[in-house]
Amino acid sequence: MPIKPGTMTAKGQETRQRIVAAAAQLMFERGVADTTIEDVRTLAQVSNSQVYHYFADKTALVRAVIEYQTDAVIEPQEQLFARLDTLDGLREWRNFAVARQRELNCRGGCPIASLTSQLAEHDEAARLQLSHSFARWSAGLRSGLAAMHAAGRLHPDADPEALALSLLASLQGGMLITQLNRDTRPLEVALDSTLAYIESLTVP
């Protein structure tokens with residue numbers, strides 16, 4: 001039976017993390033279906049027995065990759081989430097998202113969205129896990145907008161939850177077309193349109 005993360009030694013945790021990071025890289029570059037345990041083992045420089053020491057099968061590894069990619073995408077934004085209670089903070093988050101795509105040369109798109117497109121229609125457990133990932137992301141965006149609303153800087157009828165969903169949907173759609181066009185303009189236009197709408201709801 002695979003060992004549980006909470007019972008690992010520091011060395012065991014490092015080995016498990018290396019396996020998950022290798023799997024995440026391969027699944028992002030090649031896709032889930034085209035990534036084998038052998039591929040992961042080779043990239044992580046571990047034995048088959050080490051892989052199965054931590055993961056019962058590929059499905060368990062995929063679950064760990066979803067968690068890994070969710071943390072990798074959302075955690076760098078958490079400091080920005082704390083400043084989303086102002087228009088300047090929202091623009092800073094927008095600039096972060098655009099800059100990140102430029103760093104990646106507009107390749108790959110969103111790792112969470114990529115996993116969603118591959119898994120949601122045939123793996124219900126993965127779909128639910130990925131839905132939670134997006135809910136966590138939306139909650140981060142909503143926290144700042146809710147603070148803005150509570151401070152009276154947004155119109156009383158404004159809905160922070162709906163605005164957060166609009167931002168996230170604009171981000172995802174913009175990243176998809178940015179990936180296709182290899183150009184950040186679609187992402188910039190999508191985010192700027194949503195930010196302009198939010199600005200129209202602000203109270204002077």
# chains A, B, ... in the order shown; residues from 1 in each chain; ligands from 1
>>> residues_around(residues="range 155-164 of chain A", least_positions_apart="4", cutoff="6 Å", atoms="only C-alpha atoms", output="PyMOL selection string")
chain A and resi 138+141-142+145-146+201-203
>>> select_by_dssp(residues="chain A", states="alpha helix (DSSP H)", output="PyMOL selection string")
chain A and resi 10-30+37-44+48-54+58-74+78-81+87-103+111-119+124-150+160-181+185-200
>>> residues_around(residues="Gln77 in chain A", least_positions_apart="2", cutoff="10 Å", atoms="only C-alpha atoms", output="PDB file with all heavy atoms, in the first residue's frame")
ATOM      1  N   ASP A  71      -1.699  24.516  -6.701  1.00  0.00           N
ATOM      2  CA  ASP A  71      -0.833  25.307  -5.822  1.00  0.00           C
ATOM      3  C   ASP A  71       0.130  26.181  -6.635  1.00  0.00           C
ATOM      4  O   ASP A  71       0.353  27.353  -6.302  1.00  0.00           O
ATOM      5  CB  ASP A  71      -0.033  24.400  -4.898  1.00  0.00           C
ATOM      6  CG  ASP A  71      -0.880  23.752  -3.811  1.00  0.00           C
ATOM      7  OD1 ASP A  71      -2.013  24.216  -3.567  1.00  0.00           O
ATOM      8  OD2 ASP A  71      -0.411  22.761  -3.220  1.00  0.00           O
ATOM      9  N   ALA A  72       0.690  25.611  -7.704  1.00  0.00           N
ATOM     10  CA  ALA A  72       1.666  26.337  -8.513  1.00  0.00           C
ATOM     11  C   ALA A  72       1.048  27.554  -9.188  1.00  0.00           C
ATOM     12  O   ALA A  72       1.705  28.591  -9.352  1.00  0.00           O
ATOM     13  CB  ALA A  72       2.277  25.410  -9.560  1.00  0.00           C
ATOM     14  N   VAL A  73      -0.211  27.445  -9.583  1.00  0.00           N
ATOM     15  CA  VAL A  73      -0.882  28.549 -10.258  1.00  0.00           C
ATOM     16  C   VAL A  73      -1.386  29.591  -9.258  1.00  0.00           C
ATOM     17  O   VAL A  73      -1.231  30.799  -9.472  1.00  0.00           O
ATOM     18  CB  VAL A  73      -2.068  28.027 -11.107  1.00  0.00           C
ATOM     19  CG1 VAL A  73      -2.948  29.172 -11.590  1.00  0.00           C
ATOM     20  CG2 VAL A  73      -1.554  27.219 -12.301  1.00  0.00           C
ATOM     21  N   ILE A  74      -1.989  29.159  -8.172  1.00  0.00           N
ATOM     22  CA  ILE A  74      -2.692  30.080  -7.277  1.00  0.00           C
ATOM     23  C   ILE A  74      -1.771  30.709  -6.226  1.00  0.00           C
ATOM     24  O   ILE A  74      -1.887  31.910  -5.929  1.00  0.00           O
ATOM     25  CB  ILE A  74      -3.878  29.367  -6.603  1.00  0.00           C
ATOM     26  CG1 ILE A  74      -4.903  28.971  -7.678  1.00  0.00           C
ATOM     27  CG2 ILE A  74      -4.536  30.257  -5.549  1.00  0.00           C
ATOM     28  CD1 ILE A  74      -6.075  28.162  -7.154  1.00  0.00           C
ATOM     29  N   GLU A  75      -0.850  29.950  -5.665  1.00  0.00           N
ATOM     30  CA  GLU A  75      -0.037  30.489  -4.572  1.00  0.00           C
ATOM     31  C   GLU A  75       0.758  31.746  -4.961  1.00  0.00           C
ATOM     32  O   GLU A  75       0.847  32.685  -4.153  1.00  0.00           O
ATOM     33  CB  GLU A  75       0.877  29.401  -4.013  1.00  0.00           C
ATOM     34  CG  GLU A  75       0.106  28.380  -3.176  1.00  0.00           C
ATOM     35  CD  GLU A  75       0.985  27.284  -2.587  1.00  0.00           C
ATOM     36  OE1 GLU A  75       2.206  27.273  -2.897  1.00  0.00           O
ATOM     37  OE2 GLU A  75       0.462  26.445  -1.834  1.00  0.00           O
ATOM     38  N   GLN A  79      -0.529  36.961  -2.702  1.00  0.00           N
ATOM     39  CA  GLN A  79      -0.200  38.316  -2.233  1.00  0.00           C
ATOM     40  C   GLN A  79      -0.960  39.366  -3.036  1.00  0.00           C
ATOM     41  O   GLN A  79      -1.345  40.411  -2.509  1.00  0.00           O
ATOM     42  CB  GLN A  79       1.308  38.565  -2.314  1.00  0.00           C
ATOM     43  CG  GLN A  79       2.110  37.803  -1.272  1.00  0.00           C
ATOM     44  CD  GLN A  79       3.568  38.223  -1.254  1.00  0.00           C
ATOM     45  OE1 GLN A  79       4.092  38.743  -2.235  1.00  0.00           O
ATOM     46  NE2 GLN A  79       4.233  38.000  -0.125  1.00  0.00           N
ATOM     47  N   LEU A  80      -1.182  39.080  -4.315  1.00  0.00           N
ATOM     48  CA  LEU A  80      -1.950  40.004  -5.155  1.00  0.00           C
ATOM     49  C   LEU A  80      -3.415  40.011  -4.749  1.00  0.00           C
ATOM     50  O   LEU A  80      -4.070  41.055  -4.765  1.00  0.00           O
ATOM     51  CB  LEU A  80      -1.806  39.619  -6.632  1.00  0.00           C
ATOM     52  CG  LEU A  80      -0.402  39.734  -7.217  1.00  0.00           C
ATOM     53  CD1 LEU A  80      -0.363  39.127  -8.609  1.00  0.00           C
ATOM     54  CD2 LEU A  80       0.033  41.185  -7.266  1.00  0.00           C
ATOM     55  N   PHE A  81      -3.958  38.839  -4.390  1.00  0.00           N
ATOM     56  CA  PHE A  81      -5.357  38.770  -3.962  1.00  0.00           C
ATOM     57  C   PHE A  81      -5.628  39.733  -2.807  1.00  0.00           C
ATOM     58  O   PHE A  81      -6.695  40.327  -2.721  1.00  0.00           O
ATOM     59  CB  PHE A  81      -5.725  37.349  -3.519  1.00  0.00           C
ATOM     60  CG  PHE A  81      -5.765  36.324  -4.610  1.00  0.00           C
ATOM     61  CD1 PHE A  81      -5.642  34.970  -4.300  1.00  0.00           C
ATOM     62  CD2 PHE A  81      -5.927  36.685  -5.932  1.00  0.00           C
ATOM     63  CE1 PHE A  81      -5.694  34.009  -5.295  1.00  0.00           C
ATOM     64  CE2 PHE A  81      -5.965  35.728  -6.942  1.00  0.00           C
ATOM     65  CZ  PHE A  81      -5.848  34.380  -6.625  1.00  0.00           C
ATOM     66  N   ALA A  82      -4.654  39.871  -1.926  1.00  0.00           N
ATOM     67  CA  ALA A  82      -4.830  40.730  -0.749  1.00  0.00           C
ATOM     68  C   ALA A  82      -4.940  42.201  -1.122  1.00  0.00           C
ATOM     69  O   ALA A  82      -5.373  43.020  -0.294  1.00  0.00           O
ATOM     70  CB  ALA A  82      -3.666  40.534   0.212  1.00  0.00           C
ATOM     71  N   TRP A  93      -2.814  42.772 -10.627  1.00  0.00           N
ATOM     72  CA  TRP A  93      -3.078  41.358 -10.894  1.00  0.00           C
ATOM     73  C   TRP A  93      -3.182  41.106 -12.398  1.00  0.00           C
ATOM     74  O   TRP A  93      -2.650  40.121 -12.908  1.00  0.00           O
ATOM     75  CB  TRP A  93      -4.375  40.942 -10.193  1.00  0.00           C
ATOM     76  CG  TRP A  93      -4.824  39.565 -10.523  1.00  0.00           C
ATOM     77  CD1 TRP A  93      -4.347  38.387 -10.008  1.00  0.00           C
ATOM     78  CD2 TRP A  93      -5.830  39.195 -11.475  1.00  0.00           C
ATOM     79  NE1 TRP A  93      -4.998  37.320 -10.570  1.00  0.00           N
ATOM     80  CE2 TRP A  93      -5.917  37.787 -11.474  1.00  0.00           C
ATOM     81  CE3 TRP A  93      -6.673  39.922 -12.324  1.00  0.00           C
ATOM     82  CZ2 TRP A  93      -6.810  37.087 -12.296  1.00  0.00           C
ATOM     83  CZ3 TRP A  93      -7.563  39.234 -13.142  1.00  0.00           C
ATOM     84  CH2 TRP A  93      -7.613  37.833 -13.114  1.00  0.00           C
ATOM     85  N   PHE A  96       0.243  41.066 -13.861  1.00  0.00           N
ATOM     86  CA  PHE A  96       0.924  39.820 -13.495  1.00  0.00           C
ATOM     87  C   PHE A  96       0.520  38.703 -14.455  1.00  0.00           C
ATOM     88  O   PHE A  96       1.373  37.941 -14.940  1.00  0.00           O
ATOM     89  CB  PHE A  96       0.565  39.441 -12.056  1.00  0.00           C
ATOM     90  CG  PHE A  96       1.021  38.069 -11.647  1.00  0.00           C
ATOM     91  CD1 PHE A  96       2.292  37.870 -11.131  1.00  0.00           C
ATOM     92  CD2 PHE A  96       0.173  36.969 -11.774  1.00  0.00           C
ATOM     93  CE1 PHE A  96       2.713  36.605 -10.755  1.00  0.00           C
ATOM     94  CE2 PHE A  96       0.589  35.699 -11.397  1.00  0.00           C
ATOM     95  CZ  PHE A  96       1.859  35.520 -10.891  1.00  0.00           C
ATOM     96  N   ALA A  97      -0.775  38.595 -14.728  1.00  0.00           N
ATOM     97  CA  ALA A  97      -1.268  37.527 -15.609  1.00  0.00           C
ATOM     98  C   ALA A  97      -0.711  37.675 -17.023  1.00  0.00           C
ATOM     99  O   ALA A  97      -0.299  36.689 -17.653  1.00  0.00           O
ATOM    100  CB  ALA A  97      -2.798  37.539 -15.636  1.00  0.00           C
ATOM    101  N   TRP A 137      -9.546  29.507  -6.747  1.00  0.00           N
ATOM    102  CA  TRP A 137      -9.040  30.652  -7.505  1.00  0.00           C
ATOM    103  C   TRP A 137     -10.063  31.788  -7.465  1.00  0.00           C
ATOM    104  O   TRP A 137      -9.731  32.941  -7.185  1.00  0.00           O
ATOM    105  CB  TRP A 137      -8.790  30.210  -8.940  1.00  0.00           C
ATOM    106  CG  TRP A 137      -7.854  31.045  -9.739  1.00  0.00           C
ATOM    107  CD1 TRP A 137      -7.428  32.329  -9.483  1.00  0.00           C
ATOM    108  CD2 TRP A 137      -7.209  30.652 -10.953  1.00  0.00           C
ATOM    109  NE1 TRP A 137      -6.564  32.745 -10.465  1.00  0.00           N
ATOM    110  CE2 TRP A 137      -6.417  31.747 -11.370  1.00  0.00           C
ATOM    111  CE3 TRP A 137      -7.233  29.497 -11.728  1.00  0.00           C
ATOM    112  CZ2 TRP A 137      -5.667  31.698 -12.543  1.00  0.00           C
ATOM    113  CZ3 TRP A 137      -6.479  29.451 -12.887  1.00  0.00           C
ATOM    114  CH2 TRP A 137      -5.691  30.540 -13.292  1.00  0.00           C
ATOM    115  N   GLY A 140     -10.209  33.583  -4.173  1.00  0.00           N
ATOM    116  CA  GLY A 140      -9.126  34.539  -3.996  1.00  0.00           C
ATOM    117  C   GLY A 140      -9.443  35.878  -4.643  1.00  0.00           C
ATOM    118  O   GLY A 140      -9.197  36.939  -4.065  1.00  0.00           O
ATOM    119  N   LEU A 141     -10.008  35.828  -5.835  1.00  0.00           N
ATOM    120  CA  LEU A 141     -10.412  37.055  -6.522  1.00  0.00           C
ATOM    121  C   LEU A 141     -11.569  37.729  -5.787  1.00  0.00           C
ATOM    122  O   LEU A 141     -11.603  38.953  -5.635  1.00  0.00           O
ATOM    123  CB  LEU A 141     -10.816  36.733  -7.964  1.00  0.00           C
ATOM    124  CG  LEU A 141      -9.728  36.157  -8.873  1.00  0.00           C
ATOM    125  CD1 LEU A 141     -10.327  35.701 -10.188  1.00  0.00           C
ATOM    126  CD2 LEU A 141      -8.634  37.194  -9.116  1.00  0.00           C
TER     127      LEU A 141
END
>>> residues_around(residues="range 12-16 of chain A", least_positions_apart="2", cutoff="12 Å", atoms="only C-alpha atoms", output="NGL selection string")
:A and (2-10 or 18-23 or 40-41 or 44-47 or 50-55 or 61 or 64-65 or 68)
>>> write_last_selection(atoms="N, CA and C atoms", output="PDB file, in the first residue's frame")
ATOM      1  N   PRO A   2       0.567   2.262  -0.866  1.00  0.00           N
ATOM      2  CA  PRO A   2       1.389   3.474  -0.912  1.00  0.00           C
ATOM      3  C   PRO A   2       1.407   4.199   0.423  1.00  0.00           C
ATOM      4  N   ILE A   3       2.536   4.814   0.708  1.00  0.00           N
ATOM      5  CA  ILE A   3       2.695   5.545   1.957  1.00  0.00           C
ATOM      6  C   ILE A   3       1.948   6.871   1.876  1.00  0.00           C
ATOM      7  N   LYS A   4       1.364   7.316   2.986  1.00  0.00           N
ATOM      8  CA  LYS A   4       0.620   8.566   3.011  1.00  0.00           C
ATOM      9  C   LYS A   4       1.577   9.722   3.263  1.00  0.00           C
ATOM     10  N   PRO A   5       1.297  10.901   2.628  1.00  0.00           N
ATOM     11  CA  PRO A   5       2.208  12.042   2.768  1.00  0.00           C
ATOM     12  C   PRO A   5       2.521  12.417   4.209  1.00  0.00           C
ATOM     13  N   GLY A   6       1.531  12.361   5.103  1.00  0.00           N
ATOM     14  CA  GLY A   6       1.747  12.800   6.470  1.00  0.00           C
ATOM     15  C   GLY A   6       2.650  11.904   7.286  1.00  0.00           C
ATOM     16  N   THR A   7       2.962  10.727   6.762  1.00  0.00           N
ATOM     17  CA  THR A   7       3.791   9.779   7.498  1.00  0.00           C
ATOM     18  C   THR A   7       5.199   9.666   6.917  1.00  0.00           C
ATOM     19  N   MET A   8       5.566  10.553   6.002  1.00  0.00           N
ATOM     20  CA  MET A   8       6.854  10.451   5.316  1.00  0.00           C
ATOM     21  C   MET A   8       7.965  11.140   6.077  1.00  0.00           C
ATOM     22  N   THR A   9       9.168  10.661   5.845  1.00  0.00           N
ATOM     23  CA  THR A   9      10.358  11.364   6.291  1.00  0.00           C
ATOM     24  C   THR A   9      10.586  12.560   5.359  1.00  0.00           C
ATOM     25  N   ALA A  10      11.491  13.446   5.757  1.00  0.00           N
ATOM     26  CA  ALA A  10      11.813  14.597   4.907  1.00  0.00           C
ATOM     27  C   ALA A  10      12.331  14.125   3.546  1.00  0.00           C
ATOM     28  N   ARG A  18       9.426  15.273  -6.055  1.00  0.00           N
ATOM     29  CA  ARG A  18      10.155  15.203  -7.325  1.00  0.00           C
ATOM     30  C   ARG A  18       9.375  14.392  -8.354  1.00  0.00           C
ATOM     31  N   ILE A  19       8.750  13.331  -7.904  1.00  0.00           N
ATOM     32  CA  ILE A  19       7.932  12.506  -8.799  1.00  0.00           C
ATOM     33  C   ILE A  19       6.738  13.301  -9.317  1.00  0.00           C
ATOM     34  N   VAL A  20       6.070  14.005  -8.408  1.00  0.00           N
ATOM     35  CA  VAL A  20       4.894  14.785  -8.804  1.00  0.00           C
ATOM     36  C   VAL A  20       5.287  15.915  -9.754  1.00  0.00           C
ATOM     37  N   ALA A  21       6.383  16.593  -9.464  1.00  0.00           N
ATOM     38  CA  ALA A  21       6.840  17.685 -10.335  1.00  0.00           C
ATOM     39  C   ALA A  21       7.173  17.165 -11.733  1.00  0.00           C
ATOM     40  N   ALA A  22       7.806  16.002 -11.799  1.00  0.00           N
ATOM     41  CA  ALA A  22       8.127  15.405 -13.105  1.00  0.00           C
ATOM     42  C   ALA A  22       6.851  15.046 -13.854  1.00  0.00           C
ATOM     43  N   ALA A  23       5.895  14.452 -13.153  1.00  0.00           N
ATOM     44  CA  ALA A  23       4.617  14.083 -13.781  1.00  0.00           C
ATOM     45  C   ALA A  23       3.884  15.329 -14.260  1.00  0.00           C
ATOM     46  N   VAL A  40       7.656   9.226 -16.269  1.00  0.00           N
ATOM     47  CA  VAL A  40       7.796   9.961 -15.011  1.00  0.00           C
ATOM     48  C   VAL A  40       9.009   9.445 -14.240  1.00  0.00           C
ATOM     49  N   ARG A  41       9.120   8.123 -14.162  1.00  0.00           N
ATOM     50  CA  ARG A  41      10.237   7.506 -13.447  1.00  0.00           C
ATOM     51  C   ARG A  41      11.574   7.983 -14.012  1.00  0.00           C
ATOM     52  N   ALA A  44      12.137  11.825 -13.247  1.00  0.00           N
ATOM     53  CA  ALA A  44      12.357  12.051 -11.814  1.00  0.00           C
ATOM     54  C   ALA A  44      13.593  11.330 -11.292  1.00  0.00           C
ATOM     55  N   GLN A  45      14.143  10.430 -12.101  1.00  0.00           N
ATOM     56  CA  GLN A  45      15.324   9.660 -11.725  1.00  0.00           C
ATOM     57  C   GLN A  45      15.063   8.834 -10.460  1.00  0.00           C
ATOM     58  N   VAL A  46      13.967   8.090 -10.519  1.00  0.00           N
ATOM     59  CA  VAL A  46      13.615   7.182  -9.432  1.00  0.00           C
ATOM     60  C   VAL A  46      13.303   5.819 -10.041  1.00  0.00           C
ATOM     61  N   SER A  47      13.182   4.819  -9.172  1.00  0.00           N
ATOM     62  CA  SER A  47      12.856   3.471  -9.637  1.00  0.00           C
ATOM     63  C   SER A  47      11.342   3.288  -9.686  1.00  0.00           C
ATOM     64  N   GLN A  50       9.937   2.983  -6.269  1.00  0.00           N
ATOM     65  CA  GLN A  50       9.769   4.251  -5.569  1.00  0.00           C
ATOM     66  C   GLN A  50       8.479   4.951  -5.988  1.00  0.00           C
ATOM     67  N   VAL A  51       8.176   4.916  -7.282  1.00  0.00           N
ATOM     68  CA  VAL A  51       6.919   5.526  -7.744  1.00  0.00           C
ATOM     69  C   VAL A  51       5.733   4.869  -7.054  1.00  0.00           C
ATOM     70  N   TYR A  52       5.715   3.523  -7.062  1.00  0.00           N
ATOM     71  CA  TYR A  52       4.570   2.808  -6.485  1.00  0.00           C
ATOM     72  C   TYR A  52       4.600   2.795  -4.956  1.00  0.00           C
ATOM     73  N   HIS A  53       5.708   3.204  -4.392  1.00  0.00           N
ATOM     74  CA  HIS A  53       5.770   3.378  -2.940  1.00  0.00           C
ATOM     75  C   HIS A  53       4.879   4.547  -2.508  1.00  0.00           C
ATOM     76  N   TYR A  54       4.758   5.545  -3.413  1.00  0.00           N
ATOM     77  CA  TYR A  54       3.985   6.747  -3.091  1.00  0.00           C
ATOM     78  C   TYR A  54       2.632   6.809  -3.790  1.00  0.00           C
ATOM     79  N   PHE A  55       2.480   6.110  -4.902  1.00  0.00           N
ATOM     80  CA  PHE A  55       1.251   6.192  -5.698  1.00  0.00           C
ATOM     81  C   PHE A  55       0.804   4.803  -6.123  1.00  0.00           C
ATOM     82  N   LEU A  61      -1.504   9.375  -9.172  1.00  0.00           N
ATOM     83  CA  LEU A  61      -0.496  10.369  -9.542  1.00  0.00           C
ATOM     84  C   LEU A  61      -1.156  11.588 -10.186  1.00  0.00           C
ATOM     85  N   ALA A  64      -2.480  13.864  -7.589  1.00  0.00           N
ATOM     86  CA  ALA A  64      -1.408  14.655  -6.987  1.00  0.00           C
ATOM     87  C   ALA A  64      -0.962  15.779  -7.918  1.00  0.00           C
ATOM     88  N   VAL A  65      -0.969  15.526  -9.215  1.00  0.00           N
ATOM     89  CA  VAL A  65      -0.591  16.556 -10.188  1.00  0.00           C
ATOM     90  C   VAL A  65      -1.607  17.692 -10.174  1.00  0.00           C
ATOM     91  N   TYR A  68      -0.797  19.740  -7.220  1.00  0.00           N
ATOM     92  CA  TYR A  68       0.477  20.430  -7.450  1.00  0.00           C
ATOM     93  C   TYR A  68       0.277  21.635  -8.371  1.00  0.00           C
TER      94      TYR A  68
END
>>> atom_distance(atom1="CA of Asp88 in chain A", atom2="CA of Gln69 in chain A")
27.5 Å
>>> atom_distance(atom1="CA of Ala60 in chain A", atom2="CA of Arg107 in chain A")
26.9 Å
>>> residues_around(residues="range 171-180 of chain A", least_positions_apart="5", cutoff="8 Å", atoms="only C-alpha atoms", output="PyMOL selection string")
chain A and resi 101+106-110+113+185-191
>>> closest_residue(among="A:Asp34, A:Leu87, A:Arg136, A:Met27", to="Thr194 in chain A", atoms="only C-alpha atoms")
A:Leu87
>>> atom_distance(atom1="CA of Leu119 in chain A", atom2="CA of Gly31 in chain A")
10.3 Å
